[in-house]
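What follows is a short report on a single structure.
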Amino acid sequence: MFMTVIRSLNEGFLETLKLFAVTLLGALPLGLVISFGSMSRFTPLRWFTRTVVWVVRGTPLMLQLIILFYVPGFVLDSNPWAIENGRFWAAAVAFILNYACYFSEIYRGGIQGVPVGQQEAGQVLGMTKRQIFFKVTLLQMIKRIVPPMSNEVITLVKDTAIARIIAWQELIYAGYAFLKGSHGYAGLMWPLFFTGLYYLAFSGVLTLFFGWLEKKMSYFRS
């Protein structure tokens, strides 16, 4: 019985890892693009971007996931998520959009936190705007955003459990299945609580990684 539970939890954890990785791969660059929109000098674009960010950050991720997965089936002739791994991709899109908006605010704060004097110094040295951004602003921004970004990334680890609302079989879903009657077992509580060890271990690894990253980037400290 124990090995059956562990195998099932491992499978669920791999799905959790997959959603976690895909979300970061999509949300990190998209968040930077959104931050540019929110800082744009073109007023309509700036206000549109900030409104979208406000709506996404101000509503529950669970609600966004439910709307994204179920509403197209009512509006369109066929549900676009009725494909192989459709539940996973629906969850991935919802998570990417949600976390990209959170990341965009972190990026924006990091970029605006870089002293203007340093950018002006780059201009005096004859650097282009592109060179100033990548060689002056971006490097210092990364140092500033590591702590808040690490909090969001660790939160993402736990938020992946929300995907079970559309019956996607992640880690919590795998543990809860033994309570309902999975693999010939029913009424087992300990597999569900055992999932907490997976989350603790994964979060612990990420915490150590971000701690190491902050130390590596300490040379930016003024």
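Chain lettering (A, B, ...) mirrors the order of the structure tokens, residue numbering begins at 1 for each chain separately, and ligand numbering begins at 1 in order of display.
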Problem - Spatial neighbours of Ala163 in chain A, 10 Å, only C-alpha atoms, chain gap at least 3 places, as number ranges by chain - result: A: 16, 19, 61-62, 65-66, 87-88, 90-92, 94-95, 159-160, 166-173
Write out the residues from the selection above, keeping N, CA and C atoms, as a CSV table (one decimal), in the first residue's frame.
```csv
chain,number,residue,atom,x,y,z
A,16,THR,N,2.9,18.6,-11.0
A,16,THR,CA,3.0,19.9,-10.3
A,16,THR,C,4.3,20.6,-10.8
A,19,LEU,N,3.8,22.1,-14.3
A,19,LEU,CA,3.0,23.3,-14.3
A,19,LEU,C,3.8,24.5,-13.8
A,61,LEU,N,-7.2,33.7,-8.4
A,61,LEU,CA,-6.7,32.8,-9.5
A,61,LEU,C,-7.6,31.7,-9.7
A,62,MET,N,-8.3,31.2,-8.7
A,62,MET,CA,-9.2,30.1,-8.9
A,62,MET,C,-10.4,30.5,-9.8
A,65,LEU,N,-9.2,30.7,-13.4
A,65,LEU,CA,-9.0,29.4,-14.0
A,65,LEU,C,-10.4,28.8,-14.4
A,66,ILE,N,-11.3,28.9,-13.5
A,66,ILE,CA,-12.7,28.4,-13.8
A,66,ILE,C,-13.3,29.1,-15.1
A,87,ARG,N,-6.6,20.1,-19.9
A,87,ARG,CA,-6.7,20.7,-18.6
A,87,ARG,C,-5.4,21.3,-18.1
A,88,PHE,N,-4.3,20.6,-18.5
A,88,PHE,CA,-3.0,21.2,-18.1
A,88,PHE,C,-2.8,22.5,-18.8
A,90,ALA,N,-4.9,24.6,-20.1
A,90,ALA,CA,-5.8,25.6,-19.5
A,90,ALA,C,-5.2,26.2,-18.2
A,91,ALA,N,-4.8,25.3,-17.4
A,91,ALA,CA,-4.2,25.7,-16.1
A,91,ALA,C,-2.9,26.5,-16.4
A,92,ALA,N,-2.1,26.1,-17.3
A,92,ALA,CA,-0.8,26.8,-17.6
A,92,ALA,C,-1.1,28.2,-18.1
A,94,ALA,N,-3.8,30.1,-17.6
A,94,ALA,CA,-4.3,30.9,-16.5
A,94,ALA,C,-3.2,31.3,-15.5
A,95,PHE,N,-2.3,30.4,-15.2
A,95,PHE,CA,-1.2,30.7,-14.3
A,95,PHE,C,-0.2,31.6,-14.9
A,159,ASP,N,0.4,27.4,-5.1
A,159,ASP,CA,-0.8,27.7,-5.9
A,159,ASP,C,-1.1,26.7,-6.9
A,160,THR,N,-0.1,25.9,-7.3
A,160,THR,CA,-0.4,24.8,-8.3
A,160,THR,C,-1.5,23.9,-7.9
A,166,ILE,N,-10.2,22.2,-11.7
A,166,ILE,CA,-10.7,21.7,-13.1
A,166,ILE,C,-10.3,20.3,-13.3
A,167,ALA,N,-10.1,19.5,-12.2
A,167,ALA,CA,-9.8,18.1,-12.2
A,167,ALA,C,-8.5,17.8,-12.9
A,168,TRP,N,-7.6,18.7,-12.8
A,168,TRP,CA,-6.2,18.3,-13.3
A,168,TRP,C,-5.5,17.6,-12.1
A,169,GLN,N,-4.9,16.5,-12.5
A,169,GLN,CA,-4.4,15.6,-11.5
A,169,GLN,C,-2.9,15.9,-11.0
A,170,GLU,N,-2.9,17.0,-10.2
A,170,GLU,CA,-1.6,17.4,-9.6
A,170,GLU,C,-1.4,16.7,-8.3
A,171,LEU,N,-0.5,17.2,-7.4
A,171,LEU,CA,-0.1,16.5,-6.2
A,171,LEU,C,-1.2,16.3,-5.2
A,172,ILE,N,-2.0,17.4,-4.9
A,172,ILE,CA,-3.1,17.4,-4.0
A,172,ILE,C,-4.2,16.4,-4.5
A,173,TYR,N,-4.4,16.5,-5.8
A,173,TYR,CA,-5.4,15.6,-6.4
A,173,TYR,C,-5.0,14.2,-6.1
```
Exercise for the section: Write out as an NGL selection string the residues lying within 12 Å of Leu24 in chain A, counting only C-alpha atoms and excluding same-chain residues fewer than 3 positions away. Expected result: :A and (17-21 or 27-31 or 92-93 or 95-100 or 102-103 or 149-150 or 152-154 or 156-157 or 160)
Produce a file of the selected residues containing N, CA, C and O atoms, as a JSON list (two decimals), in the first residue's frame.
```json
[["chain", "number", "residue", "atom", "x", "y", "z"],
["A", 17, "LEU", "N", 5.38, 19.89, -10.86],
["A", 17, "LEU", "CA", 6.64, 20.45, -11.35],
["A", 17, "LEU", "C", 6.49, 20.96, -12.78],
["A", 17, "LEU", "O", 7.04, 22.02, -13.13],
["A", 18, "LYS", "N", 5.75, 20.22, -13.58],
["A", 18, "LYS", "CA", 5.56, 20.62, -14.98],
["A", 18, "LYS", "C", 4.81, 21.94, -15.07],
["A", 18, "LYS", "O", 5.20, 22.84, -15.83],
["A", 19, "LEU", "N", 3.75, 22.08, -14.29],
["A", 19, "LEU", "CA", 2.99, 23.32, -14.30],
["A", 19, "LEU", "C", 3.84, 24.47, -13.75],
["A", 19, "LEU", "O", 3.81, 25.59, -14.28],
["A", 20, "PHE", "N", 4.61, 24.20, -12.72],
["A", 20, "PHE", "CA", 5.49, 25.20, -12.13],
["A", 20, "PHE", "C", 6.50, 25.70, -13.16],
["A", 20, "PHE", "O", 6.69, 26.91, -13.33],
["A", 21, "ALA", "N", 7.15, 24.78, -13.87],
["A", 21, "ALA", "CA", 8.18, 25.15, -14.84],
["A", 21, "ALA", "C", 7.59, 25.92, -16.02],
["A", 21, "ALA", "O", 8.14, 26.95, -16.44],
["A", 27, "ALA", "N", 5.67, 33.22, -17.71],
["A", 27, "ALA", "CA", 5.35, 34.43, -16.94],
["A", 27, "ALA", "C", 6.53, 35.38, -16.77],
["A", 27, "ALA", "O", 6.34, 36.59, -16.73],
["A", 28, "LEU", "N", 7.75, 34.86, -16.67],
["A", 28, "LEU", "CA", 8.90, 35.74, -16.46],
["A", 28, "LEU", "C", 9.12, 36.71, -17.64],
["A", 28, "LEU", "O", 9.20, 37.92, -17.42],
["A", 29, "PRO", "N", 9.19, 36.23, -18.87],
["A", 29, "PRO", "CA", 9.35, 37.18, -19.98],
["A", 29, "PRO", "C", 8.09, 38.00, -20.24],
["A", 29, "PRO", "O", 8.17, 39.20, -20.55],
["A", 30, "LEU", "N", 6.91, 37.38, -20.11],
["A", 30, "LEU", "CA", 5.66, 38.12, -20.34],
["A", 30, "LEU", "C", 5.49, 39.23, -19.31],
["A", 30, "LEU", "O", 5.02, 40.33, -19.64],
["A", 31, "GLY", "N", 5.89, 38.97, -18.09],
["A", 31, "GLY", "CA", 5.81, 40.00, -17.05],
["A", 31, "GLY", "C", 6.66, 41.20, -17.37],
["A", 31, "GLY", "O", 6.26, 42.35, -17.10],
["A", 92, "ALA", "N", -2.08, 26.11, -17.33],
["A", 92, "ALA", "CA", -0.84, 26.80, -17.65],
["A", 92, "ALA", "C", -1.10, 28.22, -18.14],
["A", 92, "ALA", "O", -0.43, 29.17, -17.71],
["A", 93, "VAL", "N", -2.08, 28.38, -19.03],
["A", 93, "VAL", "CA", -2.40, 29.72, -19.55],
["A", 93, "VAL", "C", -2.88, 30.63, -18.42],
["A", 93, "VAL", "O", -2.45, 31.79, -18.31],
["A", 95, "PHE", "N", -2.29, 30.37, -15.19],
["A", 95, "PHE", "CA", -1.20, 30.65, -14.26],
["A", 95, "PHE", "C", -0.20, 31.63, -14.87],
["A", 95, "PHE", "O", 0.32, 32.53, -14.17],
["A", 96, "ILE", "N", 0.11, 31.47, -16.15],
["A", 96, "ILE", "CA", 1.07, 32.37, -16.80],
["A", 96, "ILE", "C", 0.54, 33.80, -16.80],
["A", 96, "ILE", "O", 1.27, 34.75, -16.45],
["A", 97, "LEU", "N", -0.72, 33.99, -17.18],
["A", 97, "LEU", "CA", -1.30, 35.33, -17.21],
["A", 97, "LEU", "C", -1.35, 35.95, -15.81],
["A", 97, "LEU", "O", -1.03, 37.13, -15.63],
["A", 98, "ASN", "N", -1.73, 35.15, -14.84],
["A", 98, "ASN", "CA", -1.84, 35.65, -13.48],
["A", 98, "ASN", "C", -0.48, 36.06, -12.93],
["A", 98, "ASN", "O", -0.31, 37.19, -12.43],
["A", 99, "TYR", "N", 0.49, 35.18, -13.03],
["A", 99, "TYR", "CA", 1.80, 35.47, -12.45],
["A", 99, "TYR", "C", 2.57, 36.50, -13.26],
["A", 99, "TYR", "O", 3.40, 37.24, -12.71],
["A", 100, "ALA", "N", 2.31, 36.60, -14.56],
["A", 100, "ALA", "CA", 2.95, 37.63, -15.35],
["A", 100, "ALA", "C", 2.55, 39.01, -14.86],
["A", 100, "ALA", "O", 3.38, 39.94, -14.82],
["A", 102, "TYR", "N", 1.66, 39.78, -11.74],
["A", 102, "TYR", "CA", 2.35, 40.01, -10.47],
["A", 102, "TYR", "C", 3.83, 40.32, -10.72],
["A", 102, "TYR", "O", 4.40, 41.24, -10.11],
["A", 103, "PHE", "N", 4.45, 39.56, -11.60],
["A", 103, "PHE", "CA", 5.86, 39.79, -11.91],
["A", 103, "PHE", "C", 6.07, 41.17, -12.52],
["A", 103, "PHE", "O", 7.10, 41.82, -12.29],
["A", 149, "MET", "N", 10.64, 38.53, -5.84],
["A", 149, "MET", "CA", 10.40, 37.49, -6.84],
["A", 149, "MET", "C", 10.46, 36.10, -6.22],
["A", 149, "MET", "O", 9.68, 35.22, -6.57],
["A", 150, "SER", "N", 11.37, 35.91, -5.27],
["A", 150, "SER", "CA", 11.48, 34.61, -4.61],
["A", 150, "SER", "C", 10.20, 34.29, -3.85],
["A", 150, "SER", "O", 9.76, 33.12, -3.82],
["A", 152, "GLU", "N", 7.16, 35.26, -4.64],
["A", 152, "GLU", "CA", 6.14, 34.90, -5.62],
["A", 152, "GLU", "C", 6.37, 33.49, -6.18],
["A", 152, "GLU", "O", 5.42, 32.74, -6.38],
["A", 153, "VAL", "N", 7.62, 33.14, -6.42],
["A", 153, "VAL", "CA", 7.94, 31.82, -6.97],
["A", 153, "VAL", "C", 7.58, 30.73, -5.97],
["A", 153, "VAL", "O", 7.02, 29.69, -6.33],
["A", 154, "ILE", "N", 7.88, 30.95, -4.68],
["A", 154, "ILE", "CA", 7.53, 29.96, -3.66],
["A", 154, "ILE", "C", 6.02, 29.88, -3.49],
["A", 154, "ILE", "O", 5.46, 28.80, -3.27],
["A", 156, "LEU", "N", 3.96, 30.29, -5.91],
["A", 156, "LEU", "CA", 3.53, 29.52, -7.08],
["A", 156, "LEU", "C", 3.56, 28.03, -6.81],
["A", 156, "LEU", "O", 2.68, 27.29, -7.27],
["A", 157, "VAL", "N", 4.57, 27.57, -6.07],
["A", 157, "VAL", "CA", 4.66, 26.14, -5.73],
["A", 157, "VAL", "C", 3.37, 25.67, -5.08],
["A", 157, "VAL", "O", 2.81, 24.62, -5.44],
["A", 160, "THR", "N", -0.10, 25.87, -7.29],
["A", 160, "THR", "CA", -0.37, 24.84, -8.30],
["A", 160, "THR", "C", -1.49, 23.91, -7.85],
["A", 160, "THR", "O", -2.16, 23.29, -8.69]]
```
Practice task
Calculate how many Å separate CA of Gly117 in chain A from CA of Leu45 in chain A, rounding to one decimal.
Solution key: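 Separating CA of Gly117 in chain A from CA of Leu45 in chain A is a distance of 26.8 Å.
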